[in-house]
$ cat final_20.csv   # CSV, C-alpha atoms
chain,number,residue,atom,x,y,z
W,1,MET,CA,43.9,-5.9,-54.5
W,2,GLU,CA,40.6,-4.3,-55.3
W,3,ILE,CA,37.4,-5.9,-56.3
W,4,SER,CA,34.2,-4.1,-57.3
W,5,GLU,CA,31.1,-6.1,-58.2
W,6,LYS,CA,27.4,-5.7,-58.5
W,7,ILE,CA,25.1,-8.6,-57.8
W,8,PRO,CA,21.3,-9.0,-58.2
W,9,SER,CA,19.2,-9.2,-55.1
W,10,LEU,CA,18.8,-13.0,-55.1
W,11,LEU,CA,19.7,-14.9,-51.9
W,12,GLU,CA,20.8,-18.0,-53.8
W,13,ARG,CA,23.5,-15.9,-55.5
W,14,ILE,CA,25.2,-14.9,-52.2
W,15,PRO,CA,27.1,-18.1,-51.1
W,16,PRO,CA,28.7,-18.8,-54.6
W,17,PHE,CA,29.6,-15.1,-54.9
W,18,ILE,CA,31.2,-15.1,-51.5
W,19,LEU,CA,33.2,-18.3,-52.3
W,20,GLU,CA,34.6,-16.6,-55.4
W,21,ILE,CA,35.7,-13.6,-53.3
W,22,ILE,CA,37.2,-15.8,-50.6
W,23,LYS,CA,39.1,-17.8,-53.2
W,24,LYS,CA,40.7,-14.6,-54.5
W,25,ILE,CA,41.8,-13.3,-51.0
W,26,LYS,CA,42.8,-16.7,-49.7
W,27,SER,CA,46.0,-16.6,-51.6
W,28,LEU,CA,47.1,-13.5,-49.7
W,29,GLY,CA,48.1,-15.6,-46.7
W,30,ILE,CA,45.2,-14.5,-44.4
W,31,SER,CA,44.6,-16.9,-41.5
W,32,GLU,CA,41.7,-19.4,-41.6
W,33,GLU,CA,40.1,-17.7,-38.6
W,34,GLU,CA,40.3,-14.3,-40.3
W,35,LEU,CA,38.8,-15.8,-43.5
W,36,PHE,CA,36.0,-17.4,-41.6
W,37,ASN,CA,35.2,-14.1,-39.9
W,38,VAL,CA,35.4,-12.1,-43.1
W,39,ARG,CA,33.2,-14.6,-45.0
W,40,LEU,CA,30.5,-14.7,-42.3
W,41,SER,CA,30.5,-10.9,-42.1
W,42,LEU,CA,30.2,-10.5,-45.8
W,43,GLU,CA,27.4,-13.1,-46.0
W,44,GLU,CA,25.4,-11.3,-43.2
W,45,ALA,CA,25.9,-7.9,-44.9
W,46,LEU,CA,24.8,-9.2,-48.3
W,47,VAL,CA,21.8,-11.1,-46.8
W,48,ASN,CA,20.7,-7.9,-45.0
W,49,ALA,CA,21.2,-5.8,-48.2
W,50,VAL,CA,19.1,-8.2,-50.3
W,51,LYS,CA,16.4,-9.0,-47.7
W,52,HIS,CA,15.9,-5.8,-45.8
W,53,GLY,CA,17.6,-3.1,-48.0
W,54,ASN,CA,16.4,-4.2,-51.5
W,55,LYS,CA,13.4,-6.1,-50.1
W,56,MET,CA,14.2,-9.1,-52.3
W,57,ASP,CA,13.5,-7.1,-55.5
W,58,ALA,CA,15.6,-9.0,-58.1
W,59,GLY,CA,15.7,-5.9,-60.2
W,60,LEU,CA,17.7,-4.0,-57.7
W,61,VAL,CA,21.5,-4.6,-57.2
W,62,VAL,CA,23.9,-4.8,-54.3
W,63,GLU,CA,27.3,-3.2,-54.8
W,64,VAL,CA,30.3,-4.8,-53.2
W,65,TYR,CA,33.7,-3.1,-53.0
W,66,LEU,CA,36.6,-4.8,-51.4
W,67,LYS,CA,40.1,-3.5,-50.9
W,68,VAL,CA,43.0,-5.5,-49.4
W,69,ASN,CA,46.2,-3.8,-48.2
W,70,SER,CA,49.1,-5.5,-46.5
W,71,ASP,CA,47.7,-4.7,-43.1
W,72,LYS,CA,43.9,-4.7,-43.6
W,73,LEU,CA,40.9,-5.6,-45.6
W,74,ILE,CA,38.0,-3.2,-46.2
W,75,ILE,CA,34.6,-4.3,-47.5
W,76,GLU,CA,31.7,-2.0,-48.4
W,77,VAL,CA,28.2,-3.3,-49.2
W,78,LYS,CA,25.7,-0.9,-50.6
W,79,ASP,CA,22.0,-1.6,-51.3
W,80,GLN,CA,19.4,0.5,-53.0
W,81,GLY,CA,17.0,0.7,-50.0
W,82,GLU,CA,16.2,3.6,-47.7
W,83,GLY,CA,18.5,2.5,-44.9
W,84,PHE,CA,17.6,1.6,-41.3
W,85,ASP,CA,18.0,2.8,-37.7
W,86,PHE,CA,21.4,1.3,-37.1
W,87,LYS,CA,21.9,3.3,-33.9
W,88,ASN,CA,19.0,1.5,-32.2
W,89,LEU,CA,19.5,-2.2,-32.7
W,90,ASP,CA,18.4,-4.7,-30.1
W,91,ASP,CA,21.1,-6.7,-28.3
W,92,PRO,CA,20.3,-10.3,-29.4
W,93,THR,CA,22.2,-11.7,-26.4
W,94,LYS,CA,19.7,-10.2,-23.8
W,95,GLU,CA,17.4,-12.6,-22.0
W,96,GLU,CA,14.3,-11.0,-23.8
W,97,ASN,CA,15.8,-11.5,-27.2
W,98,ILE,CA,17.8,-14.7,-27.0
W,99,LYS,CA,14.9,-16.8,-28.4
W,100,LYS,CA,14.2,-14.5,-31.3
W,101,THR,CA,15.1,-15.8,-34.7
W,102,ARG,CA,16.1,-12.4,-36.1
W,103,GLY,CA,18.6,-9.7,-35.3
W,104,ARG,CA,21.9,-11.5,-35.1
W,105,GLY,CA,23.4,-10.5,-38.5
W,106,ILE,CA,24.8,-7.0,-37.6
W,107,PHE,CA,25.7,-8.2,-34.1
W,108,LEU,CA,27.9,-11.0,-35.6
W,109,ILE,CA,29.5,-8.5,-38.0
W,110,LYS,CA,30.4,-6.1,-35.2
W,111,ASN,CA,31.9,-9.0,-33.2
W,112,LEU,CA,33.9,-10.6,-36.1
W,113,MET,CA,35.2,-7.4,-37.8
W,114,ASP,CA,37.5,-4.8,-36.2
W,115,GLU,CA,35.6,-1.7,-37.4
W,116,VAL,CA,32.0,-1.3,-38.7
W,117,ARG,CA,30.6,1.9,-39.9
W,118,PHE,CA,27.3,2.8,-41.6
W,119,LYS,CA,26.8,5.5,-44.2
W,120,GLU,CA,23.9,6.9,-46.3
W,121,GLY,CA,21.4,6.2,-43.6
W,122,GLY,CA,22.5,2.6,-43.2
W,123,SER,CA,22.3,1.6,-46.8
W,124,ARG,CA,26.1,1.4,-47.0
W,125,ILE,CA,28.1,-0.7,-44.5
W,126,ILE,CA,31.8,-0.4,-44.3
W,127,MET,CA,33.6,-3.3,-42.5
W,128,THR,CA,37.4,-3.4,-41.7
W,129,LYS,CA,39.5,-6.3,-40.6
W,130,TYR,CA,43.1,-5.7,-39.5
W,131,PHE,CA,45.4,-8.6,-40.2
W,132,LYS,CA,47.4,-10.2,-37.4
W,133,ARG,CA,50.3,-10.5,-39.8
W,134,GLU,CA,50.9,-8.8,-43.1
W,135,ALA,CA,49.1,-10.1,-46.2
W,136,LYS,CA,51.3,-11.2,-49.1
W,137,LEU,CA,50.4,-8.8,-51.9
Z,1,MET,CA,24.8,-30.0,-46.9
Z,2,LYS,CA,24.2,-33.6,-46.1
Z,3,ILE,CA,21.8,-34.6,-43.4
Z,4,LYS,CA,21.9,-38.2,-42.1
Z,5,GLU,CA,19.4,-39.4,-39.5
Z,6,GLU,CA,19.7,-42.5,-37.2
Z,7,LYS,CA,17.7,-43.7,-34.2
Z,8,GLU,CA,19.3,-44.7,-30.9
Z,9,GLY,CA,16.4,-45.9,-28.8
Z,10,GLU,CA,14.0,-43.0,-28.4
Z,11,VAL,CA,16.7,-40.5,-29.6
Z,12,LEU,CA,16.9,-39.2,-33.1
Z,13,ILE,CA,20.5,-38.3,-34.1
Z,14,CYS,CA,20.8,-35.9,-36.9
Z,15,ARG,CA,24.3,-35.8,-38.3
Z,16,LEU,CA,25.1,-32.7,-40.4
Z,17,GLU,CA,27.9,-32.4,-42.9
Z,18,GLY,CA,29.0,-29.3,-44.9
Z,19,GLU,CA,27.9,-25.7,-44.4
Z,20,ILE,CA,24.8,-24.1,-42.9
Z,21,ASN,CA,24.2,-20.9,-44.9
Z,22,ILE,CA,21.4,-19.0,-46.4
Z,23,ASN,CA,21.0,-21.6,-49.2
Z,24,THR,CA,21.2,-24.7,-47.0
Z,25,SER,CA,19.2,-23.6,-44.0
Z,26,PRO,CA,15.9,-24.3,-45.8
Z,27,GLU,CA,17.0,-28.0,-46.3
Z,28,LEU,CA,17.6,-28.2,-42.6
Z,29,ARG,CA,14.3,-26.7,-41.8
Z,30,LYS,CA,12.6,-29.3,-44.0
Z,31,SER,CA,14.3,-32.1,-42.1
Z,32,PHE,CA,13.1,-30.5,-38.8
Z,33,ASP,CA,9.6,-30.2,-40.2
Z,34,ARG,CA,9.6,-34.0,-40.9
Z,35,MET,CA,10.9,-34.8,-37.4
Z,36,MET,CA,8.1,-32.7,-35.9
Z,37,ARG,CA,5.5,-34.5,-38.1
Z,38,ASP,CA,7.0,-37.8,-37.0
Z,39,ASN,CA,6.5,-36.6,-33.4
Z,40,GLU,CA,10.1,-37.0,-32.4
Z,41,LYS,CA,10.7,-35.8,-28.8
Z,42,LYS,CA,14.4,-36.2,-28.3
Z,43,VAL,CA,16.7,-34.9,-31.0
Z,44,ILE,CA,20.5,-34.5,-31.1
Z,45,VAL,CA,22.1,-32.5,-33.8
Z,46,GLU,CA,25.7,-33.7,-34.4
Z,47,PHE,CA,27.9,-30.9,-35.8
Z,48,SER,CA,31.3,-32.6,-36.3
Z,49,GLY,CA,31.0,-32.3,-40.1
Z,50,ILE,CA,29.9,-28.6,-40.0
Z,51,SER,CA,32.6,-26.1,-40.9
Z,52,TYR,CA,30.4,-23.0,-41.2
Z,53,ILE,CA,27.2,-21.6,-39.8
Z,54,ASP,CA,25.5,-18.2,-40.3
Z,55,SER,CA,22.6,-16.4,-38.6
Z,56,SER,CA,20.0,-18.2,-40.8
Z,57,GLY,CA,21.4,-21.5,-39.4
Z,58,LEU,CA,21.2,-20.2,-35.9
Z,59,ALA,CA,17.6,-19.1,-36.5
Z,60,THR,CA,16.7,-22.5,-37.9
Z,61,LEU,CA,18.0,-24.2,-34.7
Z,62,ILE,CA,16.2,-21.7,-32.4
Z,63,GLU,CA,13.0,-22.5,-34.3
Z,64,MET,CA,13.5,-26.2,-33.8
Z,65,TYR,CA,14.3,-25.7,-30.1
Z,66,GLN,CA,11.1,-23.8,-29.7
Z,67,ARG,CA,8.9,-26.3,-31.7
Z,68,LEU,CA,10.3,-29.3,-29.8
Z,69,LYS,CA,9.8,-27.5,-26.4
Z,70,ARG,CA,6.2,-26.7,-27.2
Z,71,ASN,CA,5.7,-30.3,-28.2
Z,72,GLY,CA,7.2,-31.6,-24.9
Z,73,GLY,CA,10.5,-32.5,-26.6
Z,74,ARG,CA,14.1,-31.5,-26.2
Z,75,LEU,CA,17.0,-30.6,-28.5
Z,76,ARG,CA,20.7,-31.2,-27.8
Z,77,LEU,CA,23.6,-30.1,-29.9
Z,78,CYS,CA,27.1,-31.8,-29.9
Z,79,SER,CA,30.5,-32.2,-31.4
Z,80,MET,CA,31.0,-28.6,-32.7
Z,81,THR,CA,34.3,-27.5,-34.2
Z,82,GLN,CA,35.9,-24.6,-32.4
Z,83,LYS,CA,34.9,-22.0,-35.0
Z,84,VAL,CA,31.3,-23.0,-35.0
Z,85,ARG,CA,31.3,-23.1,-31.2
Z,86,ASP,CA,32.7,-19.6,-31.2
Z,87,ILE,CA,29.6,-18.4,-33.1
Z,88,PHE,CA,27.4,-19.9,-30.4
Z,89,GLU,CA,29.6,-18.3,-27.7
Z,90,ILE,CA,29.5,-14.8,-29.3
Z,91,THR,CA,25.7,-14.8,-29.7
Z,92,LYS,CA,25.4,-16.3,-26.1
Z,93,LEU,CA,23.3,-19.1,-27.6
Z,94,THR,CA,25.3,-21.4,-25.3
Z,95,LYS,CA,22.8,-20.1,-22.6
Z,96,LEU,CA,19.8,-21.3,-24.7
Z,97,PHE,CA,21.0,-24.7,-26.1
Z,98,GLU,CA,22.2,-27.8,-24.3
Z,99,ILE,CA,25.6,-28.2,-26.0
Z,100,PHE,CA,27.9,-31.3,-25.4
Z,101,PRO,CA,31.4,-31.9,-26.5
Z,102,ASN,CA,30.6,-35.3,-28.1
Z,103,LEU,CA,27.7,-37.6,-29.0
Z,104,THR,CA,28.4,-40.0,-26.1
Z,105,GLU,CA,27.9,-37.2,-23.6
Z,106,ALA,CA,24.9,-35.8,-25.5
Z,107,LEU,CA,23.2,-39.3,-25.2
Z,108,GLU,CA,23.9,-39.6,-21.5
Z,109,GLY,CA,20.8,-39.2,-19.5
Z,110,PHE,CA,18.7,-38.0,-22.5
$ encode --input "final_20.csv" --output "structure tokens"
Amino acid sequence: MEISEKIPSLLERIPPFILEIIKKIKSLGISEEELFNVRLSLEEALVNAVKHGNKMDAGLVVEVYLKVNSDKLIIEVKDQGEGFDFKNLDDPTKEENIKKTRGRGIFLIKNLMDEVRFKEGGSRIIMTKYFKREAKL
Amino acid sequence: MKIKEEKEGEVLICRLEGEININTSPELRKSFDRMMRDNEKKVIVEFSGISYIDSSGLATLIEMYQRLKRNGGRLRLCSMTQKVRDIFEITKLTKLFEIFPNLTEALEGF
């Protein structure tokens, strides 16, 4: 299964868009836990793309590409921003950061997905989840 | 998301139902704003009806924790489903918040 979509940079469009995606991949027999992790990672990546990448400019789009094989799911999220310094992110679990209200999105993605890579200066994130058992394709 | 509030003595119990995401976090923030205006000092957020929380939800709770603390109040969280609890564990927010397995224990000694 492959899905390729473009969404405008509007935060309110993110949850309904994700629910549509989850509905499509739910039928593949992916576990509830894996679905939760994929859903949260996709939301965090989209919110980052809209807020920090496209700076809430509704005229800019976020591209989403998703591919499911029998053993893994790959999601790419690309914004139209200049990227960011993804190699120097604060650890939100450290004492000095624990009370901060920002900086948990990418940390969550890295913990919930199996592989996370950034391309194009950070404006493209590629997230991979390996299934515990094979998906029904 | 549904937010129901009830008072048990001095304690305000805030029961949440549904999902805390980028669209519903502002509703939660509004409820917290009202609690602060009402000068509530002891607040318990009950999570048994919450199936999903994202970083915007975590941020809203951290904000509330800070505001209550500055105002001489306290925030307790209780009755999380395992998956929601996992998000607090991963982010180590279990070190920041007082989290209880159920409402009875959250009310004890509050």
$ residues_around --input "final_20.csv" --residues "Asn21 (chain Z)" --least-positions-apart "4" --cutoff "12 Å" --atoms "only C-alpha atoms" --output "PyMOL selection string"
(chain W and resi 11-16+18-19+39-40+43-44+47) or (chain Z and resi 1+25-29+50-60)
$ atom_distance --input "final_20.csv" --atom1 "CA of Glu17 (chain Z)" --atom2 "CA of Leu77 (chain Z)"
13.9 Å
$ closest_atom_pairs --input "final_20.csv" --of "chain W" --to "chain Z" --cutoff "7 Å" --atoms "only C-alpha atoms" --output "CSV"
residue,atom,partner,partner_atom,distance
W:Glu12,CA,Z:Asn23,CA,5.8
W:Leu40,CA,Z:Asp54,CA,6.4
W:Thr93,CA,Z:Lys92,CA,5.6
W:Lys99,CA,Z:Ile62,CA,6.5
W:Thr101,CA,Z:Ala59,CA,4.5
W:Arg102,CA,Z:Ala59,CA,6.9
W:Arg104,CA,Z:Ser55,CA,6.1
W:Gly105,CA,Z:Ser55,CA,6.0
$ residues_around --input "final_20.csv" --residues "region 69-77 of chain W" --least-positions-apart "2" --cutoff "10 Å" --atoms "all atoms listed in the file" --output "tab-separated table (two decimals) with C-alpha atoms, in the coordinates of the input"
chain	number	residue	atom	x	y	z
W	1	MET	CA	43.90	-5.90	-54.50
W	2	GLU	CA	40.60	-4.30	-55.30
W	3	ILE	CA	37.40	-5.90	-56.30
W	4	SER	CA	34.20	-4.10	-57.30
W	5	GLU	CA	31.10	-6.10	-58.20
W	6	LYS	CA	27.40	-5.70	-58.50
W	25	ILE	CA	41.80	-13.30	-51.00
W	28	LEU	CA	47.10	-13.50	-49.70
W	30	ILE	CA	45.20	-14.50	-44.40
W	38	VAL	CA	35.40	-12.10	-43.10
W	41	SER	CA	30.50	-10.90	-42.10
W	42	LEU	CA	30.20	-10.50	-45.80
W	45	ALA	CA	25.90	-7.90	-44.90
W	46	LEU	CA	24.80	-9.20	-48.30
W	48	ASN	CA	20.70	-7.90	-45.00
W	49	ALA	CA	21.20	-5.80	-48.20
W	62	VAL	CA	23.90	-4.80	-54.30
W	63	GLU	CA	27.30	-3.20	-54.80
W	64	VAL	CA	30.30	-4.80	-53.20
W	65	TYR	CA	33.70	-3.10	-53.00
W	66	LEU	CA	36.60	-4.80	-51.40
W	67	LYS	CA	40.10	-3.50	-50.90
W	79	ASP	CA	22.00	-1.60	-51.30
W	113	MET	CA	35.20	-7.40	-37.80
W	114	ASP	CA	37.50	-4.80	-36.20
W	115	GLU	CA	35.60	-1.70	-37.40
W	116	VAL	CA	32.00	-1.30	-38.70
W	117	ARG	CA	30.60	1.90	-39.90
W	118	PHE	CA	27.30	2.80	-41.60
W	119	LYS	CA	26.80	5.50	-44.20
W	123	SER	CA	22.30	1.60	-46.80
W	124	ARG	CA	26.10	1.40	-47.00
W	125	ILE	CA	28.10	-0.70	-44.50
W	126	ILE	CA	31.80	-0.40	-44.30
W	127	MET	CA	33.60	-3.30	-42.50
W	128	THR	CA	37.40	-3.40	-41.70
W	129	LYS	CA	39.50	-6.30	-40.60
W	130	TYR	CA	43.10	-5.70	-39.50
W	131	PHE	CA	45.40	-8.60	-40.20
W	132	LYS	CA	47.40	-10.20	-37.40
W	133	ARG	CA	50.30	-10.50	-39.80
W	134	GLU	CA	50.90	-8.80	-43.10
W	135	ALA	CA	49.10	-10.10	-46.20
W	136	LYS	CA	51.30	-11.20	-49.10
W	137	LEU	CA	50.40	-8.80	-51.90
$ atom_distance --input "final_20.csv" --atom1 "CA of Arg76 (chain Z)" --atom2 "CA of Phe36 (chain W)"
24.8 Å
$ atom_distance --input "final_20.csv" --atom1 "CA of Phe97 (chain Z)" --atom2 "CA of Gly49 (chain Z)"
18.8 Å
$ residues_around --input "final_20.csv" --residues "Ile13 (chain Z)" --least-positions-apart "5" --cutoff "10 Å" --atoms "only C-alpha atoms" --output "list in words"
Lys4, Glu5, Glu6, Lys7, Glu8, Lys42, Val43, Ile44, Val45, Glu46, Arg76, Leu77, Leu103, Ala106 and Leu107 of chain Z
